[in-house]
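Engineer: Submitted below is the structure of interest, expressed as structure tokens.
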Amino acid sequence: MSDQPHPTRPLTPATVAVTAGRPPREPDEPLNVPITMASTYVAGGDLEYGRYGNPSWTAFEDVLGGLEGGRCLSFASGMAAVGCVLDLVGQGAKVVLPRHAYLGSVMALADLEARGRLVGELVDIEDTDAVVAACEGAALVWIETPTNPALEVADVETITRAAHAAGAYVVVDNTFATPLLQRPLEHGVDIVLHSATKYLAGHSDLLLGAVVTRDEELHGVLQGRRSLTGSVPGAFETWLALRGLRTLHLRVERAQANAEVLVERLRAHRAVAEVRYPGFGGIVAMVLDNALAADLLCRSTSLWVHATSLGGVESTFERRRRWKTEAATIPEGLVRLSVGIEDVEDLWVDLAAALDAIAALPGGTA
Ligand code: PLP
């Protein structure tokens with residue numbers, strides 16, 4: 001960690017992002033932790049073997065842990081982290097999960113349920129009373145807020161209280177908000193989970209996952225599982241992700257500012273039936289009349305890239321129901337936008353031209 005200039009005043013996230021996870025300030029030490037490519041280490045130290053630890057992981061984990069306010073463990077992907085957290089609970093345990101959580105998380109739980117390992121209960125995460133009722137008898141309550149791609153927002157504090165009263169762990173998938181916009185550990189949740197593939201790394205060039213917890217015992221259990229399952233990240237991925245993390249605050253601020261402008265204009269566009277935006281962050285969902293219109297949009301832009309995933313510097317969008325496994329309650333014409341950090345006027349001109357053309361189609365796209 002960096003030197004603490006004013007011990008009475010905690011460092012702001014922007015400063016943590018830039019200064020944490022650095023080597024000691026000694027003559028000839030590099031400013032950044034170098035990539036350590038090693039499957040094994042000379043015996044007798046703390047690391048011993050490449051599956052147990054790596055200095056490049058630790059540097060990334062120190063920064064993300066500092067931002068979330070807990071201890072971090074990095075994983076090979078977001079889904080590797082999801083699998084490890086689902087594995088925390090015993091045979092036949094009940095897991096509560098948002099109906100519109102990330103498709104992979106819903107599918108992972110469904111797969112475990114089909115094999116008799118867990119019992120899942122899908123909930124509308126915005127219906128706090130229903131979620132609180134579902135906590136009864138649960139061992140794990142999964143919150144994703146905002147959800148992907150419906151952008152529903154959960155009442156984390158109330159759900160966490162009910163889950164803890166029922167003796168359940170609470171995990172929050174914080175991928176969309178990032179620790180800059182939401183710090184769930186401060187609301188008492190047990191584990192924060194990230195697809196670091198998205199905003200944290202931020203450049204659409206790697207896969208990485210992470211969990212953060214304040215509970216030392218839980219940290220130890222998750223670390224043990226990571227070693228046993230081998231769901232460990234690559235040294236290069238964590239090094240690159242840390243490089244991305246250094247500018248997280250700038251990227252999130254710009255993406256959010258761009259999103260706010262686009263949301264206002266999209267709401268006024270006649271080709272757009274509905275715009276969903278939780279009021280923060282860079283992810284927006286807009287609903288066009290039908291799948292045809294949404295597919296046409298995704299083929300008609302030159303700056304916006306039709307691609308899955310999100311949270312990179314570049315603006316991307318996707319019709320989510322093109323995935324056969326996406327929830328049937330997500331509208332066919334819903335396009336999820338991941339607003340990047342380009343010039344917002346350039347983004348709007350590109351998007352508006354495609355939407356204008358759709359609105360002008362004779363007889364529409366119905
Ligand atoms: N959680 C959320 C909210 C996601 O959007 C994703 C991926 O899109 C994941 C988890 C899974 O992460 P990964 O793709 O890094 O395995």
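Please note that chains go A, B, ... in the order of the structure tokens, that every chain numbers its residues from 1, and that ligands are numbered from 1 in the order shown.
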DSSP on the backbone, then: every residue of region 255-287 of chain A marked helix (DSSP H, G or I), written as a short mmCIF file (atom, residue, chain, number, x, y, z; two decimals) with C-alpha atoms, in the first residue's frame.

Structural biologist:
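What landed in out-v2.cif:
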```cif
data_model
loop_
_atom_site.label_atom_id
_atom_site.label_comp_id
_atom_site.auth_asym_id
_atom_site.auth_seq_id
_atom_site.Cartn_x
_atom_site.Cartn_y
_atom_site.Cartn_z
CA ALA A 255 -19.15 6.49 -19.20
CA GLN A 256 -21.78 7.66 -16.71
CA ALA A 257 -21.74 11.23 -18.02
CA ASN A 258 -22.15 9.93 -21.58
CA ALA A 259 -24.94 7.55 -20.48
CA GLU A 260 -26.89 10.38 -18.82
CA VAL A 261 -26.87 12.41 -22.05
CA LEU A 262 -27.86 9.43 -24.19
CA VAL A 263 -30.66 8.34 -21.84
CA GLU A 264 -32.33 11.73 -22.10
CA ARG A 265 -32.14 11.74 -25.90
CA LEU A 266 -33.19 8.11 -26.28
CA ARG A 267 -36.25 8.76 -24.12
#
```

Engineer: Could you list, as a ChimeraX atom specification, all residues that come within 8 Å of ligand 1? Count only C-alpha atoms and all ligand atoms.

Structural biologist: /A:76-82,101-105,144,147-148,173-176,193-198,207-209,308-310

Engineer: Let's have the selection written as a short mmCIF file (atom, residue, chain, number, x, y, z; two decimals), in the first residue's frame, with N, CA, C and O atoms.

Structural biologist:
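The new file result18.cif reads:
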```cif
data_model
loop_
_atom_site.label_atom_id
_atom_site.label_comp_id
_atom_site.auth_asym_id
_atom_site.auth_seq_id
_atom_site.Cartn_x
_atom_site.Cartn_y
_atom_site.Cartn_z
N ALA A 76 -10.08 -16.93 -12.25
CA ALA A 76 -9.84 -17.03 -13.69
C ALA A 76 -10.88 -16.26 -14.50
O ALA A 76 -10.59 -15.78 -15.60
N SER A 77 -12.10 -16.15 -13.99
CA SER A 77 -13.18 -15.42 -14.68
C SER A 77 -14.24 -15.10 -13.64
O SER A 77 -14.21 -15.62 -12.51
N GLY A 78 -15.21 -14.28 -14.05
CA GLY A 78 -16.34 -14.03 -13.15
C GLY A 78 -17.06 -15.33 -12.83
O GLY A 78 -17.46 -15.56 -11.68
N MET A 79 -17.24 -16.19 -13.82
CA MET A 79 -17.96 -17.44 -13.60
C MET A 79 -17.18 -18.39 -12.67
O MET A 79 -17.80 -19.18 -11.95
N ALA A 80 -15.85 -18.33 -12.70
CA ALA A 80 -15.07 -19.13 -11.75
C ALA A 80 -15.37 -18.68 -10.33
O ALA A 80 -15.51 -19.50 -9.40
N ALA A 81 -15.52 -17.37 -10.15
CA ALA A 81 -15.86 -16.82 -8.83
C ALA A 81 -17.28 -17.22 -8.45
O ALA A 81 -17.55 -17.61 -7.30
N VAL A 82 -18.21 -17.15 -9.42
CA VAL A 82 -19.60 -17.55 -9.17
C VAL A 82 -19.64 -19.00 -8.68
O VAL A 82 -20.29 -19.34 -7.68
N ALA A 101 -30.86 -12.03 -12.99
CA ALA A 101 -29.41 -11.96 -12.77
C ALA A 101 -28.71 -12.33 -14.06
O ALA A 101 -29.34 -12.83 -15.01
N TYR A 102 -27.41 -12.11 -14.11
CA TYR A 102 -26.64 -12.48 -15.29
C TYR A 102 -26.96 -13.93 -15.66
O TYR A 102 -26.96 -14.83 -14.82
N LEU A 103 -27.21 -14.11 -16.95
CA LEU A 103 -27.61 -15.40 -17.49
C LEU A 103 -26.72 -16.56 -17.01
O LEU A 103 -27.21 -17.64 -16.67
N GLY A 104 -25.42 -16.35 -16.99
CA GLY A 104 -24.49 -17.41 -16.57
C GLY A 104 -24.72 -17.82 -15.13
O GLY A 104 -24.64 -19.02 -14.79
N SER A 105 -25.04 -16.84 -14.26
CA SER A 105 -25.28 -17.17 -12.84
C SER A 105 -26.57 -17.98 -12.72
O SER A 105 -26.63 -18.96 -11.97
N GLU A 144 -27.94 -9.25 -7.30
CA GLU A 144 -27.21 -8.58 -8.38
C GLU A 144 -27.93 -7.26 -8.54
O GLU A 144 -29.16 -7.23 -8.71
N THR A 147 -29.41 -5.39 -12.08
CA THR A 147 -29.37 -6.70 -12.74
C THR A 147 -28.99 -6.54 -14.21
O THR A 147 -29.16 -5.48 -14.81
N ASN A 148 -28.53 -7.64 -14.76
CA ASN A 148 -28.09 -7.70 -16.16
C ASN A 148 -29.04 -8.58 -16.96
O ASN A 148 -29.06 -9.78 -16.72
N ASP A 173 -23.35 -9.28 -6.53
CA ASP A 173 -22.58 -9.15 -7.77
C ASP A 173 -22.55 -7.66 -8.10
O ASP A 173 -23.57 -7.06 -8.44
N ASN A 174 -21.37 -7.07 -7.96
CA ASN A 174 -21.21 -5.61 -8.07
C ASN A 174 -20.60 -5.21 -9.41
O ASN A 174 -20.03 -4.13 -9.54
N THR A 175 -20.72 -6.11 -10.39
CA THR A 175 -20.07 -5.89 -11.68
C THR A 175 -20.51 -4.59 -12.36
O THR A 175 -19.69 -3.85 -12.89
N PHE A 176 -21.82 -4.31 -12.34
CA PHE A 176 -22.32 -3.13 -13.07
C PHE A 176 -21.97 -1.82 -12.35
O PHE A 176 -21.65 -0.84 -13.00
N LEU A 193 -18.91 -9.82 -5.35
CA LEU A 193 -18.36 -10.59 -6.48
C LEU A 193 -18.27 -9.68 -7.71
O LEU A 193 -19.11 -8.80 -7.90
N HIS A 194 -17.24 -9.91 -8.52
CA HIS A 194 -17.09 -9.14 -9.75
C HIS A 194 -16.75 -10.02 -10.94
O HIS A 194 -15.93 -10.95 -10.81
N SER A 195 -17.33 -9.68 -12.08
CA SER A 195 -16.71 -10.06 -13.34
C SER A 195 -15.75 -8.91 -13.62
O SER A 195 -16.17 -7.86 -14.14
N ALA A 196 -14.48 -9.09 -13.27
CA ALA A 196 -13.47 -8.04 -13.49
C ALA A 196 -13.16 -7.88 -14.97
O ALA A 196 -12.49 -6.93 -15.38
N THR A 197 -13.68 -8.82 -15.74
CA THR A 197 -13.64 -8.75 -17.21
C THR A 197 -14.22 -7.43 -17.71
O THR A 197 -13.82 -6.94 -18.77
N LYS A 198 -15.18 -6.88 -16.95
CA LYS A 198 -15.95 -5.72 -17.42
C LYS A 198 -15.26 -4.40 -17.03
O LYS A 198 -14.18 -4.15 -17.51
N LEU A 207 -10.27 -12.01 -19.45
CA LEU A 207 -11.29 -12.54 -18.54
C LEU A 207 -10.70 -12.59 -17.14
O LEU A 207 -9.56 -13.03 -16.96
N LEU A 208 -11.47 -12.15 -16.15
CA LEU A 208 -10.99 -12.19 -14.77
C LEU A 208 -12.19 -12.06 -13.82
O LEU A 208 -13.16 -11.38 -14.15
N GLY A 209 -12.14 -12.73 -12.68
CA GLY A 209 -13.18 -12.60 -11.67
C GLY A 209 -12.56 -12.24 -10.34
O GLY A 209 -11.34 -12.30 -10.17
N THR A 308 -21.36 -8.95 -27.34
CA THR A 308 -21.77 -9.23 -25.97
C THR A 308 -20.69 -8.66 -25.03
O THR A 308 -19.70 -8.10 -25.49
N SER A 309 -20.91 -8.80 -23.73
CA SER A 309 -20.02 -8.24 -22.71
C SER A 309 -20.20 -6.72 -22.65
O SER A 309 -21.00 -6.13 -23.40
N LEU A 310 -19.50 -6.08 -21.75
CA LEU A 310 -19.75 -4.67 -21.43
C LEU A 310 -18.61 -4.13 -20.57
O LEU A 310 -17.74 -4.88 -20.16
#
```

Engineer: With only C-alpha atoms as the atoms that count, which of A:Val96, A:Leu47, A:Met107, A:Val211 lies nearest to Val123 (chain A)?

Structural biologist: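 Smallest separation from Val123 (chain A) among the options: A:Val96.
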
Engineer: Near Cys135 (chain A), within 8 Å and counting only C-alpha atoms, which residues show up once chain neighbours fewer than 2 positions away are dropped, as an mmCIF file with all heavy atoms, in the first residue's frame?

Structural biologist:
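That gives us selection24.cif:
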```
data_model
loop_
_atom_site.group_PDB
_atom_site.id
_atom_site.type_symbol
_atom_site.label_atom_id
_atom_site.label_comp_id
_atom_site.auth_asym_id
_atom_site.auth_seq_id
_atom_site.Cartn_x
_atom_site.Cartn_y
_atom_site.Cartn_z
ATOM 1 N N VAL A 96 -31.262 -18.272 -3.090
ATOM 2 C CA VAL A 96 -32.184 -17.289 -3.673
ATOM 3 C C VAL A 96 -31.394 -16.457 -4.683
ATOM 4 O O VAL A 96 -30.291 -15.991 -4.383
ATOM 5 C CB VAL A 96 -32.760 -16.380 -2.568
ATOM 6 C CG1 VAL A 96 -33.637 -15.288 -3.160
ATOM 7 C CG2 VAL A 96 -33.532 -17.212 -1.545
ATOM 8 N N VAL A 131 -38.568 -10.974 -1.726
ATOM 9 C CA VAL A 131 -37.199 -11.465 -1.504
ATOM 10 C C VAL A 131 -37.015 -11.800 -0.018
ATOM 11 O O VAL A 131 -36.441 -12.843 0.330
ATOM 12 C CB VAL A 131 -36.134 -10.444 -1.975
ATOM 13 C CG1 VAL A 131 -34.731 -11.008 -1.770
ATOM 14 C CG2 VAL A 131 -36.337 -10.063 -3.435
ATOM 15 N N VAL A 132 -37.525 -10.904 0.843
ATOM 16 C CA VAL A 132 -37.423 -11.142 2.293
ATOM 17 C C VAL A 132 -38.125 -12.465 2.647
ATOM 18 O O VAL A 132 -37.590 -13.283 3.401
ATOM 19 C CB VAL A 132 -38.023 -9.945 3.076
ATOM 20 C CG1 VAL A 132 -38.273 -10.304 4.531
ATOM 21 C CG2 VAL A 132 -37.081 -8.739 2.984
ATOM 22 N N ALA A 133 -39.300 -12.683 2.055
ATOM 23 C CA ALA A 133 -40.035 -13.934 2.332
ATOM 24 C C ALA A 133 -39.229 -15.147 1.838
ATOM 25 O O ALA A 133 -39.174 -16.186 2.500
ATOM 26 C CB ALA A 133 -41.402 -13.895 1.663
ATOM 27 N N GLY A 137 -35.291 -20.070 5.267
ATOM 28 C CA GLY A 137 -34.757 -21.390 4.921
ATOM 29 C C GLY A 137 -33.615 -21.367 3.922
ATOM 30 O O GLY A 137 -33.108 -22.417 3.509
ATOM 31 N N ALA A 138 -33.178 -20.156 3.513
ATOM 32 C CA ALA A 138 -32.093 -20.073 2.530
ATOM 33 C C ALA A 138 -30.723 -20.171 3.195
ATOM 34 O O ALA A 138 -30.559 -19.807 4.363
ATOM 35 C CB ALA A 138 -32.195 -18.768 1.753
ATOM 36 N N VAL A 141 -28.133 -16.005 -0.225
ATOM 37 C CA VAL A 141 -29.000 -15.058 -0.942
ATOM 38 C C VAL A 141 -28.115 -14.250 -1.882
ATOM 39 O O VAL A 141 -27.168 -13.589 -1.452
ATOM 40 C CB VAL A 141 -29.766 -14.141 0.038
ATOM 41 C CG1 VAL A 141 -30.574 -13.098 -0.727
ATOM 42 C CG2 VAL A 141 -30.676 -14.971 0.937
ATOM 43 N N ALA A 162 -32.658 -9.542 6.429
ATOM 44 C CA ALA A 162 -33.546 -10.721 6.430
ATOM 45 C C ALA A 162 -32.745 -12.003 6.185
ATOM 46 O O ALA A 162 -32.985 -13.037 6.829
ATOM 47 C CB ALA A 162 -34.617 -10.569 5.352
ATOM 48 N N ALA A 163 -31.780 -11.921 5.291
ATOM 49 C CA ALA A 163 -30.973 -13.115 4.974
ATOM 50 C C ALA A 163 -30.144 -13.532 6.186
ATOM 51 O O ALA A 163 -30.059 -14.720 6.520
ATOM 52 C CB ALA A 163 -30.065 -12.823 3.777
ATOM 53 N N ALA A 166 -32.057 -15.252 8.758
ATOM 54 C CA ALA A 166 -32.335 -16.646 8.375
ATOM 55 C C ALA A 166 -31.064 -17.495 8.388
ATOM 56 O O ALA A 166 -31.103 -18.686 8.077
ATOM 57 C CB ALA A 166 -32.972 -16.679 6.981
ATOM 58 N N ALA A 168 -28.385 -16.994 6.451
ATOM 59 C CA ALA A 168 -27.834 -17.177 5.100
ATOM 60 C C ALA A 168 -26.675 -16.218 4.841
ATOM 61 O O ALA A 168 -26.611 -15.133 5.400
ATOM 62 C CB ALA A 168 -28.931 -16.927 4.064
#
```

Engineer: Could you tell me how far CA of Glu152 (chain A) sits from CA of Ala352 (chain A), in Å to one decimal place?

Structural biologist: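 Atom-to-atom, CA of Ala352 (chain A) to CA of Glu152 (chain A), that is 25.7 Å.
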
Engineer: Nearest to Phe317 (chain A): which of A:Ile125, A:Glu332, A:Leu288, A:Ile283 is it, counting only C-alpha atoms?

Structural biologist: A:Ile283

Engineer: Would you please work out which residue, of A:Val305, A:Leu180, A:Ala235, A:Ala357, is nearest to Gly340 (chain A) when using only C-alpha atoms?

Structural biologist: A:Val305

Engineer: Find the residue from A:Val335, A:Cys72, A:Leu11, A:Leu218 that sits nearest to Ala307 (chain A); use only C-alpha atoms when measuring.

Structural biologist: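 When distances to Ala307 (chain A) are compared using only C-alpha atoms, the smallest one comes from A:Val335.
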
Engineer: Please provide the set of residues having any atom within 8 Å of region 30-38 of chain A, restricted to only C-alpha atoms, with same-chain residues fewer than 6 positions apart removed, written as a PyMOL selection string.

Structural biologist: chain A and resi 21-23+50+54-56+59+235-236+239

Engineer: Convert the current residue selection to file output with N, CA and C atoms, as a PDB file, in the first residue's frame.

Structural biologist:
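File out20.pdb, as written:
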```pdb
ATOM      1  N   GLY A  21      -1.335  -1.234  -4.133  1.00  0.00           N
ATOM      2  CA  GLY A  21      -0.758  -2.332  -4.909  1.00  0.00           C
ATOM      3  C   GLY A  21       0.558  -2.000  -5.586  1.00  0.00           C
ATOM      4  N   ARG A  22       1.351  -1.144  -4.959  1.00  0.00           N
ATOM      5  CA  ARG A  22       2.663  -0.763  -5.515  1.00  0.00           C
ATOM      6  C   ARG A  22       3.782  -1.450  -4.738  1.00  0.00           C
ATOM      7  N   PRO A  23       4.942  -1.643  -5.352  1.00  0.00           N
ATOM      8  CA  PRO A  23       6.089  -2.159  -4.604  1.00  0.00           C
ATOM      9  C   PRO A  23       6.551  -1.142  -3.558  1.00  0.00           C
ATOM     10  N   GLY A  50       2.490 -22.189  -7.953  1.00  0.00           N
ATOM     11  CA  GLY A  50       1.771 -21.187  -8.745  1.00  0.00           C
ATOM     12  C   GLY A  50       0.268 -21.187  -8.564  1.00  0.00           C
ATOM     13  N   ASN A  54       0.549 -15.558  -6.364  1.00  0.00           N
ATOM     14  CA  ASN A  54       1.398 -14.919  -7.368  1.00  0.00           C
ATOM     15  C   ASN A  54       1.430 -13.422  -7.047  1.00  0.00           C
ATOM     16  N   PRO A  55       2.605 -12.791  -7.043  1.00  0.00           N
ATOM     17  CA  PRO A  55       2.675 -11.366  -6.698  1.00  0.00           C
ATOM     18  C   PRO A  55       1.848 -10.477  -7.617  1.00  0.00           C
ATOM     19  N   SER A  56       1.656 -10.903  -8.870  1.00  0.00           N
ATOM     20  CA  SER A  56       0.832 -10.088  -9.787  1.00  0.00           C
ATOM     21  C   SER A  56      -0.641 -10.148  -9.381  1.00  0.00           C
ATOM     22  N   ALA A  59      -1.074  -7.812  -6.200  1.00  0.00           N
ATOM     23  CA  ALA A  59      -1.113  -6.368  -6.463  1.00  0.00           C
ATOM     24  C   ALA A  59      -2.523  -5.961  -6.893  1.00  0.00           C
ATOM     25  N   ALA A 235      -1.129 -14.670 -14.464  1.00  0.00           N
ATOM     26  CA  ALA A 235      -0.369 -13.505 -13.994  1.00  0.00           C
ATOM     27  C   ALA A 235      -0.545 -12.326 -14.950  1.00  0.00           C
ATOM     28  N   PHE A 236      -0.537 -12.609 -16.251  1.00  0.00           N
ATOM     29  CA  PHE A 236      -0.641 -11.521 -17.230  1.00  0.00           C
ATOM     30  C   PHE A 236      -2.001 -10.835 -17.140  1.00  0.00           C
ATOM     31  N   TRP A 239      -2.110  -8.559 -14.154  1.00  0.00           N
ATOM     32  CA  TRP A 239      -1.238  -7.394 -14.404  1.00  0.00           C
ATOM     33  C   TRP A 239      -1.961  -6.398 -15.312  1.00  0.00           C
TER      34      TRP A 239
END
```

Engineer: Between A:Asp356, A:Ser74, A:Arg99, A:Arg251, which residue has the minimum interatomic distance to Thr238 (chain A), considering only C-alpha atoms?

Structural biologist: A:Ser74

Engineer: Quick check for you: according to DSSP on this backbone, which residues of region 156-315 of chain A are classed as strand (DSSP E or B)? Reply as a PyMOL selection string.

Structural biologist: chain A and resi 169-173+191-195+209-213+274-276+283-287+305-306

Engineer: Using only C-alpha atoms, which residues sit within 12 Å of Thr12 (chain A) once same-chain residues fewer than 3 positions away are excluded, as a ChimeraX atom specification?

Structural biologist: /A:4-6,9,15-20,66-69,179-180,249

Engineer: Selected residues, N, CA and C atoms, written as a short mmCIF file (atom, residue, chain, number, x, y, z; two decimals), in the first residue's frame, please.

Structural biologist:
```cif
data_model
loop_
_atom_site.label_atom_id
_atom_site.label_comp_id
_atom_site.auth_asym_id
_atom_site.auth_seq_id
_atom_site.Cartn_x
_atom_site.Cartn_y
_atom_site.Cartn_z
N GLN A 4 0.42 6.72 3.68
CA GLN A 4 -0.85 7.39 4.02
C GLN A 4 -0.50 8.81 4.44
N PRO A 5 -0.77 9.83 3.57
CA PRO A 5 -0.31 11.18 3.91
C PRO A 5 -1.04 11.80 5.09
N HIS A 6 -2.35 11.53 5.24
CA HIS A 6 -3.13 12.13 6.32
C HIS A 6 -3.86 11.01 7.04
N ARG A 9 -7.63 11.03 7.62
CA ARG A 9 -8.58 11.14 6.51
C ARG A 9 -8.37 9.97 5.58
N THR A 15 -7.67 7.91 -5.40
CA THR A 15 -6.29 7.81 -4.93
C THR A 15 -5.92 6.35 -4.64
N VAL A 16 -6.87 5.61 -4.08
CA VAL A 16 -6.62 4.17 -3.84
C VAL A 16 -6.35 3.48 -5.17
N ALA A 17 -7.17 3.78 -6.18
CA ALA A 17 -7.01 3.13 -7.49
C ALA A 17 -5.61 3.37 -8.06
N VAL A 18 -5.08 4.55 -7.82
CA VAL A 18 -3.78 4.89 -8.40
C VAL A 18 -2.62 4.42 -7.52
N THR A 19 -2.79 4.48 -6.20
CA THR A 19 -1.60 4.31 -5.35
C THR A 19 -1.47 2.93 -4.68
N ALA A 20 -2.57 2.19 -4.54
CA ALA A 20 -2.46 0.89 -3.85
C ALA A 20 -1.76 -0.14 -4.74
N GLY A 66 -8.89 -2.69 -1.51
CA GLY A 66 -8.90 -1.32 -0.98
C GLY A 66 -10.14 -0.56 -1.43
N LEU A 67 -10.54 -0.77 -2.67
CA LEU A 67 -11.70 -0.03 -3.20
C LEU A 67 -13.01 -0.53 -2.59
N GLU A 68 -13.12 -1.85 -2.39
CA GLU A 68 -14.36 -2.42 -1.84
C GLU A 68 -14.38 -2.38 -0.31
N GLY A 69 -13.20 -2.24 0.30
CA GLY A 69 -13.13 -2.22 1.76
C GLY A 69 -13.12 -3.61 2.37
N PRO A 179 -17.03 -0.65 -7.35
CA PRO A 179 -16.97 -0.10 -5.98
C PRO A 179 -17.01 1.43 -5.95
N LEU A 180 -16.95 2.07 -7.10
CA LEU A 180 -17.01 3.53 -7.10
C LEU A 180 -18.44 4.03 -6.90
N HIS A 249 -11.75 5.18 -12.09
CA HIS A 249 -12.56 6.35 -11.71
C HIS A 249 -12.80 7.28 -12.91
#
```
